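Asker: This is work21.cif, which holds mmCIF, N, CA and C atoms:
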```cif
data_my_file
loop_
_atom_site.label_atom_id
_atom_site.label_comp_id
_atom_site.auth_asym_id
_atom_site.auth_seq_id
_atom_site.Cartn_x
_atom_site.Cartn_y
_atom_site.Cartn_z
N MET W 315 -50.43 5.58 -45.85
CA MET W 315 -49.94 4.22 -45.77
C MET W 315 -49.26 3.87 -47.09
N ALA W 316 -48.09 3.29 -47.01
CA ALA W 316 -47.33 2.93 -48.21
C ALA W 316 -47.93 1.69 -48.86
N SER W 317 -47.90 1.69 -50.18
CA SER W 317 -48.42 0.52 -50.88
C SER W 317 -47.34 -0.56 -50.93
N VAL W 318 -47.79 -1.77 -50.93
CA VAL W 318 -46.88 -2.91 -50.94
C VAL W 318 -46.91 -3.53 -52.33
N ASP W 319 -45.75 -3.70 -52.89
CA ASP W 319 -45.64 -4.33 -54.21
C ASP W 319 -45.53 -5.84 -53.99
N LEU W 320 -46.68 -6.51 -54.11
CA LEU W 320 -46.72 -7.95 -53.83
C LEU W 320 -45.86 -8.76 -54.79
N ALA W 321 -45.80 -8.33 -56.03
CA ALA W 321 -44.97 -9.05 -57.00
C ALA W 321 -43.49 -8.96 -56.61
N ARG W 322 -43.07 -7.78 -56.17
CA ARG W 322 -41.67 -7.61 -55.76
C ARG W 322 -41.37 -8.41 -54.49
N ARG W 323 -42.31 -8.44 -53.55
CA ARG W 323 -42.12 -9.22 -52.33
C ARG W 323 -41.99 -10.71 -52.66
N ALA W 324 -42.78 -11.19 -53.59
CA ALA W 324 -42.70 -12.60 -54.00
C ALA W 324 -41.35 -12.87 -54.65
N GLU W 325 -40.89 -11.93 -55.47
CA GLU W 325 -39.59 -12.07 -56.13
C GLU W 325 -38.46 -12.11 -55.11
N ILE W 326 -38.53 -11.26 -54.11
CA ILE W 326 -37.53 -11.23 -53.05
C ILE W 326 -37.51 -12.58 -52.32
N GLY W 327 -38.68 -13.13 -52.05
CA GLY W 327 -38.77 -14.44 -51.39
C GLY W 327 -38.14 -15.54 -52.22
N ARG W 328 -38.40 -15.52 -53.53
CA ARG W 328 -37.80 -16.53 -54.42
C ARG W 328 -36.29 -16.40 -54.45
N GLU W 329 -35.81 -15.16 -54.51
CA GLU W 329 -34.36 -14.93 -54.52
C GLU W 329 -33.71 -15.41 -53.23
N LYS W 330 -34.36 -15.15 -52.11
CA LYS W 330 -33.82 -15.58 -50.82
C LYS W 330 -33.79 -17.11 -50.73
N ARG W 331 -34.87 -17.77 -51.17
CA ARG W 331 -34.89 -19.23 -51.16
C ARG W 331 -33.79 -19.81 -52.04
N ALA W 332 -33.56 -19.19 -53.19
CA ALA W 332 -32.51 -19.67 -54.11
C ALA W 332 -31.13 -19.50 -53.47
N ARG W 333 -30.90 -18.38 -52.81
CA ARG W 333 -29.61 -18.17 -52.13
C ARG W 333 -29.40 -19.18 -51.01
N THR W 334 -30.45 -19.44 -50.25
CA THR W 334 -30.35 -20.40 -49.16
C THR W 334 -30.05 -21.80 -49.69
N ARG W 335 -30.73 -22.18 -50.76
CA ARG W 335 -30.49 -23.50 -51.37
C ARG W 335 -29.04 -23.60 -51.84
N GLU W 336 -28.54 -22.54 -52.47
CA GLU W 336 -27.15 -22.54 -52.94
C GLU W 336 -26.17 -22.62 -51.77
N ARG W 337 -26.50 -21.98 -50.65
CA ARG W 337 -25.63 -22.07 -49.47
C ARG W 337 -25.57 -23.50 -48.95
N LEU W 338 -26.72 -24.17 -48.94
CA LEU W 338 -26.75 -25.57 -48.51
C LEU W 338 -25.92 -26.45 -49.44
N ILE W 339 -26.06 -26.24 -50.73
CA ILE W 339 -25.32 -27.03 -51.72
C ILE W 339 -23.83 -26.76 -51.61
N ALA W 340 -23.46 -25.50 -51.46
CA ALA W 340 -22.04 -25.16 -51.33
C ALA W 340 -21.45 -25.75 -50.05
N ALA W 341 -22.19 -25.70 -48.97
CA ALA W 341 -21.71 -26.26 -47.71
C ALA W 341 -21.53 -27.77 -47.83
N ALA W 342 -22.49 -28.44 -48.42
CA ALA W 342 -22.39 -29.90 -48.59
C ALA W 342 -21.22 -30.26 -49.49
N SER W 343 -21.04 -29.52 -50.54
CA SER W 343 -19.93 -29.78 -51.47
C SER W 343 -18.59 -29.62 -50.77
N SER W 344 -18.47 -28.57 -49.99
CA SER W 344 -17.24 -28.31 -49.26
C SER W 344 -16.97 -29.41 -48.24
N LEU W 345 -17.99 -29.81 -47.49
CA LEU W 345 -17.83 -30.85 -46.48
C LEU W 345 -17.54 -32.21 -47.11
N LEU W 346 -18.17 -32.47 -48.24
CA LEU W 346 -17.97 -33.75 -48.91
C LEU W 346 -16.54 -33.89 -49.41
N GLY W 347 -15.91 -32.77 -49.71
CA GLY W 347 -14.52 -32.79 -50.13
C GLY W 347 -13.57 -33.19 -49.01
N ARG W 348 -14.04 -33.09 -47.77
CA ARG W 348 -13.20 -33.41 -46.62
C ARG W 348 -13.52 -34.75 -45.98
N SER W 349 -14.73 -35.25 -46.21
CA SER W 349 -15.16 -36.48 -45.54
C SER W 349 -16.14 -37.23 -46.43
N GLU W 350 -16.13 -38.55 -46.34
CA GLU W 350 -17.05 -39.36 -47.12
C GLU W 350 -18.45 -39.38 -46.52
N SER W 351 -18.55 -39.17 -45.23
CA SER W 351 -19.82 -39.21 -44.53
C SER W 351 -20.11 -37.84 -43.95
N VAL W 352 -21.20 -37.24 -44.41
CA VAL W 352 -21.57 -35.90 -43.96
C VAL W 352 -23.02 -35.94 -43.52
N SER W 353 -23.30 -35.39 -42.35
CA SER W 353 -24.66 -35.40 -41.81
C SER W 353 -25.38 -34.09 -42.14
N VAL W 354 -26.69 -34.14 -42.02
CA VAL W 354 -27.51 -32.95 -42.21
C VAL W 354 -27.11 -31.89 -41.20
N ASP W 355 -26.83 -32.32 -39.97
CA ASP W 355 -26.43 -31.35 -38.93
C ASP W 355 -25.15 -30.61 -39.32
N GLU W 356 -24.20 -31.32 -39.90
CA GLU W 356 -22.95 -30.67 -40.34
C GLU W 356 -23.22 -29.71 -41.49
N ILE W 357 -24.09 -30.08 -42.40
CA ILE W 357 -24.41 -29.24 -43.56
C ILE W 357 -25.07 -27.94 -43.12
N VAL W 358 -26.09 -28.06 -42.26
CA VAL W 358 -26.80 -26.84 -41.84
C VAL W 358 -25.91 -25.95 -40.99
N ALA W 359 -25.03 -26.55 -40.19
CA ALA W 359 -24.10 -25.73 -39.40
C ALA W 359 -23.16 -24.97 -40.31
N ALA W 360 -22.64 -25.63 -41.34
CA ALA W 360 -21.73 -24.97 -42.28
C ALA W 360 -22.45 -23.91 -43.11
N ALA W 361 -23.71 -24.15 -43.42
CA ALA W 361 -24.48 -23.18 -44.21
C ALA W 361 -25.04 -22.05 -43.36
N GLY W 362 -25.07 -22.25 -42.05
CA GLY W 362 -25.60 -21.22 -41.16
C GLY W 362 -27.11 -21.09 -41.20
N VAL W 363 -27.79 -22.23 -41.36
CA VAL W 363 -29.26 -22.22 -41.39
C VAL W 363 -29.78 -23.26 -40.39
N ALA W 364 -31.08 -23.17 -40.10
CA ALA W 364 -31.71 -24.13 -39.19
C ALA W 364 -31.92 -25.46 -39.91
N LYS W 365 -31.99 -26.52 -39.12
CA LYS W 365 -32.15 -27.86 -39.69
C LYS W 365 -33.45 -27.96 -40.50
N GLY W 366 -34.51 -27.34 -40.01
CA GLY W 366 -35.77 -27.36 -40.74
C GLY W 366 -35.66 -26.74 -42.13
N THR W 367 -34.79 -25.76 -42.25
CA THR W 367 -34.59 -25.12 -43.55
C THR W 367 -34.06 -26.10 -44.57
N PHE W 368 -33.20 -27.02 -44.12
CA PHE W 368 -32.68 -28.05 -45.03
C PHE W 368 -33.83 -28.81 -45.66
N TYR W 369 -34.81 -29.20 -44.82
CA TYR W 369 -35.92 -30.02 -45.30
C TYR W 369 -36.95 -29.23 -46.11
N VAL W 370 -36.88 -27.92 -46.06
CA VAL W 370 -37.69 -27.11 -46.96
C VAL W 370 -37.17 -27.26 -48.39
N HIS W 371 -35.85 -27.41 -48.52
CA HIS W 371 -35.21 -27.45 -49.83
C HIS W 371 -34.97 -28.86 -50.35
N PHE W 372 -34.78 -29.82 -49.45
CA PHE W 372 -34.47 -31.19 -49.85
C PHE W 372 -35.27 -32.17 -49.01
N GLU W 373 -35.77 -33.21 -49.64
CA GLU W 373 -36.55 -34.23 -48.94
C GLU W 373 -35.69 -34.96 -47.91
N ASP W 374 -34.46 -35.25 -48.31
CA ASP W 374 -33.51 -35.92 -47.43
C ASP W 374 -32.11 -35.68 -47.96
N VAL W 375 -31.11 -36.22 -47.28
CA VAL W 375 -29.73 -35.98 -47.69
C VAL W 375 -29.44 -36.61 -49.06
N ASP W 376 -30.13 -37.70 -49.39
CA ASP W 376 -29.94 -38.32 -50.70
C ASP W 376 -30.37 -37.39 -51.83
N ALA W 377 -31.41 -36.61 -51.60
CA ALA W 377 -31.85 -35.64 -52.61
C ALA W 377 -30.77 -34.58 -52.84
N LEU W 378 -30.10 -34.19 -51.77
CA LEU W 378 -28.99 -33.23 -51.91
C LEU W 378 -27.84 -33.85 -52.68
N TRP W 379 -27.49 -35.10 -52.37
CA TRP W 379 -26.38 -35.76 -53.09
C TRP W 379 -26.74 -35.92 -54.56
N THR W 380 -27.99 -36.20 -54.86
CA THR W 380 -28.43 -36.30 -56.26
C THR W 380 -28.23 -34.97 -56.97
N GLU W 381 -28.61 -33.89 -56.31
CA GLU W 381 -28.41 -32.55 -56.89
C GLU W 381 -26.93 -32.27 -57.15
N LEU W 382 -26.08 -32.62 -56.19
CA LEU W 382 -24.63 -32.41 -56.37
C LEU W 382 -24.10 -33.26 -57.52
N ALA W 383 -24.53 -34.50 -57.62
CA ALA W 383 -24.07 -35.38 -58.69
C ALA W 383 -24.51 -34.86 -60.06
N GLU W 384 -25.74 -34.37 -60.15
CA GLU W 384 -26.23 -33.82 -61.42
C GLU W 384 -25.43 -32.58 -61.81
N ARG W 385 -25.12 -31.74 -60.85
CA ARG W 385 -24.33 -30.54 -61.14
C ARG W 385 -22.92 -30.91 -61.57
N PHE W 386 -22.33 -31.88 -60.89
CA PHE W 386 -20.99 -32.33 -61.26
C PHE W 386 -20.98 -32.89 -62.68
N ALA W 387 -21.96 -33.73 -63.01
CA ALA W 387 -22.04 -34.30 -64.36
C ALA W 387 -22.22 -33.20 -65.40
N HIS W 388 -23.06 -32.22 -65.11
CA HIS W 388 -23.27 -31.11 -66.04
C HIS W 388 -21.99 -30.31 -66.24
N ASP W 389 -21.30 -29.99 -65.14
CA ASP W 389 -20.06 -29.22 -65.23
C ASP W 389 -18.99 -29.98 -66.00
N LEU W 390 -18.90 -31.28 -65.75
CA LEU W 390 -17.93 -32.10 -66.47
C LEU W 390 -18.26 -32.14 -67.96
N ASP W 391 -19.52 -32.27 -68.29
CA ASP W 391 -19.93 -32.28 -69.69
C ASP W 391 -19.60 -30.95 -70.37
N GLU W 392 -19.86 -29.85 -69.68
CA GLU W 392 -19.54 -28.53 -70.23
C GLU W 392 -18.04 -28.38 -70.49
N LEU W 393 -17.25 -28.95 -69.61
CA LEU W 393 -15.80 -28.88 -69.74
C LEU W 393 -15.30 -29.72 -70.92
N LEU W 394 -15.89 -30.88 -71.11
CA LEU W 394 -15.42 -31.81 -72.13
C LEU W 394 -16.05 -31.59 -73.51
N GLN W 395 -17.19 -30.96 -73.55
CA GLN W 395 -17.95 -30.82 -74.80
C GLN W 395 -17.15 -30.24 -75.96
N PRO W 396 -16.44 -29.13 -75.82
CA PRO W 396 -15.73 -28.56 -76.97
C PRO W 396 -14.70 -29.53 -77.58
N ARG W 397 -13.94 -30.19 -76.73
CA ARG W 397 -12.93 -31.14 -77.23
C ARG W 397 -13.59 -32.35 -77.89
N ARG W 398 -14.64 -32.86 -77.26
CA ARG W 398 -15.34 -34.03 -77.79
C ARG W 398 -15.95 -33.73 -79.15
N LEU W 399 -16.54 -32.56 -79.31
CA LEU W 399 -17.18 -32.22 -80.58
C LEU W 399 -16.16 -31.97 -81.69
N ALA W 400 -14.93 -31.68 -81.31
CA ALA W 400 -13.88 -31.46 -82.31
C ALA W 400 -13.42 -32.77 -82.94
N LEU W 401 -13.74 -33.89 -82.32
CA LEU W 401 -13.34 -35.19 -82.86
C LEU W 401 -14.29 -35.62 -83.97
N ASP W 402 -13.76 -36.32 -84.96
CA ASP W 402 -14.59 -36.82 -86.06
C ASP W 402 -15.12 -38.21 -85.75
N GLY W 403 -16.41 -38.39 -85.87
CA GLY W 403 -17.02 -39.70 -85.70
C GLY W 403 -17.48 -39.97 -84.28
N ALA W 404 -18.47 -40.86 -84.20
CA ALA W 404 -19.06 -41.19 -82.91
C ALA W 404 -18.11 -41.98 -82.02
N LEU W 405 -17.40 -42.93 -82.60
CA LEU W 405 -16.53 -43.79 -81.79
C LEU W 405 -15.43 -43.00 -81.07
N PRO W 406 -14.70 -42.12 -81.76
CA PRO W 406 -13.71 -41.32 -81.03
C PRO W 406 -14.31 -40.44 -79.95
N ARG W 407 -15.53 -39.94 -80.20
CA ARG W 407 -16.20 -39.09 -79.20
C ARG W 407 -16.57 -39.90 -77.95
N VAL W 408 -17.11 -41.08 -78.18
CA VAL W 408 -17.48 -41.94 -77.05
C VAL W 408 -16.23 -42.36 -76.28
N ALA W 409 -15.17 -42.74 -77.02
CA ALA W 409 -13.93 -43.15 -76.37
C ALA W 409 -13.34 -41.99 -75.54
N TYR W 410 -13.37 -40.80 -76.09
CA TYR W 410 -12.86 -39.65 -75.37
C TYR W 410 -13.67 -39.40 -74.10
N GLY W 411 -14.98 -39.46 -74.22
CA GLY W 411 -15.83 -39.25 -73.06
C GLY W 411 -15.59 -40.28 -71.97
N CYS W 412 -15.45 -41.53 -72.37
CA CYS W 412 -15.17 -42.60 -71.40
C CYS W 412 -13.81 -42.40 -70.73
N ALA W 413 -12.81 -42.08 -71.53
CA ALA W 413 -11.47 -41.89 -70.99
C ALA W 413 -11.44 -40.69 -70.05
N ALA W 414 -12.14 -39.63 -70.40
CA ALA W 414 -12.13 -38.43 -69.58
C ALA W 414 -12.85 -38.66 -68.26
N PHE W 415 -13.92 -39.45 -68.31
CA PHE W 415 -14.69 -39.72 -67.09
C PHE W 415 -13.87 -40.58 -66.15
#
```
Could you render the structure from this file as structure tokens?

Answerer:
Amino acid sequence: MASVDLARRAEIGREKRARTRERLIAAASSLLGRSESVSVDEIVAAAGVAKGTFYVHFEDVDALWTELAERFAHDLDELLQPRRLALDGALPRVAYGCAAF
């Protein structure tokens, strides 16, 4: 009988859950780019997962939108950070950040 590497099986499960979560986020992001109102049914259909799977990863659709907003804010900050830090003084940095947003 072959031995089972429980640590590796757990790692595989974590990796699969992470991929599924990313598929849901990518599907929602893509759909949101086309429409202001997106349902859970549309998201799971685009991601190719069952509706229950959505609720394993997110409490509700608002939790998904929060995740997308946080990612967008992070990506925007990463994009603007080098230019903002090149400016001298707090006021020009704040003004640049406001103008860019």

Asker: Which polymer residues have any atom within 8 Å of an atom of W:Gly362, counting only N, CA and C atoms, with same-chain residues fewer than 4 positions away left out, as an mmCIF file with N, CA and C atoms, in the frame of the given file?

Answerer:
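In the end it all went to part_0.cif:
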```cif
data_model
loop_
_atom_site.group_PDB
_atom_site.id
_atom_site.type_symbol
_atom_site.label_atom_id
_atom_site.label_comp_id
_atom_site.auth_asym_id
_atom_site.auth_seq_id
_atom_site.Cartn_x
_atom_site.Cartn_y
_atom_site.Cartn_z
ATOM 1 N N ARG W 337 -26.500 -21.980 -50.650
ATOM 2 C CA ARG W 337 -25.630 -22.070 -49.470
ATOM 3 C C ARG W 337 -25.570 -23.500 -48.950
ATOM 4 N N LEU W 338 -26.720 -24.170 -48.940
ATOM 5 C CA LEU W 338 -26.750 -25.570 -48.510
ATOM 6 C C LEU W 338 -25.920 -26.450 -49.440
ATOM 7 N N ALA W 341 -22.190 -25.700 -48.970
ATOM 8 C CA ALA W 341 -21.710 -26.260 -47.710
ATOM 9 C C ALA W 341 -21.530 -27.770 -47.830
ATOM 10 N N GLU W 356 -24.200 -31.320 -39.900
ATOM 11 C CA GLU W 356 -22.950 -30.670 -40.340
ATOM 12 C C GLU W 356 -23.220 -29.710 -41.490
ATOM 13 N N ILE W 357 -24.090 -30.080 -42.400
ATOM 14 C CA ILE W 357 -24.410 -29.240 -43.560
ATOM 15 C C ILE W 357 -25.070 -27.940 -43.120
ATOM 16 N N VAL W 358 -26.090 -28.060 -42.260
ATOM 17 C CA VAL W 358 -26.800 -26.840 -41.840
ATOM 18 C C VAL W 358 -25.910 -25.950 -40.990
#
```

Asker: Under the rule that only C-alpha atoms are counted, which of W:Leu320, W:Cys412, W:Lys330, W:Ser344 is the nearest residue to W:Asp391?

Answerer: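 Smallest separation from W:Asp391 among the options: W:Cys412.
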
Asker: For the alpha helix (DSSP H) assignment from backbone DSSP, which residues of chain W qualify? Please present them as a ChimeraX atom specification.

Answerer: /W:320-346,354-361,365-371,375-400,404-414

Asker: Considering only N, CA and C atoms, tabulate each residue of stretch 321-365 of chain W that lies at most 8 Å from stretch 371-383 of chain W along with its nearest interatomic pair and the corresponding distance in Å to one decimal; arrange the rows by chain and ascending residue number and present them as JSON lines.

Answerer:
```
{"residue": "W:Thr334", "atom": "C", "partner": "W:His371", "partner_atom": "CA", "distance": 7.7}
{"residue": "W:Arg335", "atom": "CA", "partner": "W:His371", "partner_atom": "CA", "distance": 6.3}
{"residue": "W:Leu338", "atom": "C", "partner": "W:Leu378", "partner_atom": "CA", "distance": 7.8}
{"residue": "W:Ile339", "atom": "CA", "partner": "W:Leu382", "partner_atom": "CA", "distance": 7.1}
{"residue": "W:Ala342", "atom": "CA", "partner": "W:Leu378", "partner_atom": "C", "distance": 7.9}
{"residue": "W:Ser343", "atom": "CA", "partner": "W:Leu382", "partner_atom": "CA", "distance": 7.3}
{"residue": "W:Val352", "atom": "C", "partner": "W:Val375", "partner_atom": "CA", "distance": 7.9}
{"residue": "W:Ser353", "atom": "C", "partner": "W:Val375", "partner_atom": "CA", "distance": 7.3}
{"residue": "W:Val354", "atom": "CA", "partner": "W:Val375", "partner_atom": "CA", "distance": 6.6}
```

Asker: Give the padded box for stretch 328-343 of chain W as JSON: axis-aligned, covering all atoms listed in the file, 5 Å on each side, centre and edge lengths in Å to one decimal.

Answerer:
```
{"center_x": -28.5, "center_y": -22.6, "center_z": -51.1, "size_x": 29.8, "size_y": 25.3, "size_z": 16.8}
```

Asker: When you draw a straight line from atom N of W:Gln395 to atom CA of W:Gly411, how long is it in Å?

Answerer: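 Between atom N of W:Gln395 and atom CA of W:Gly411 the gap works out to 8.4 Å.
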
Asker: Just to confirm, what's the straight-line distance from atom C of W:Ala364 to atom CA of W:Ala332 in Å (one decimal)?

Answerer: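 Atom CA of W:Ala332 lies 15.3 Å from atom C of W:Ala364.
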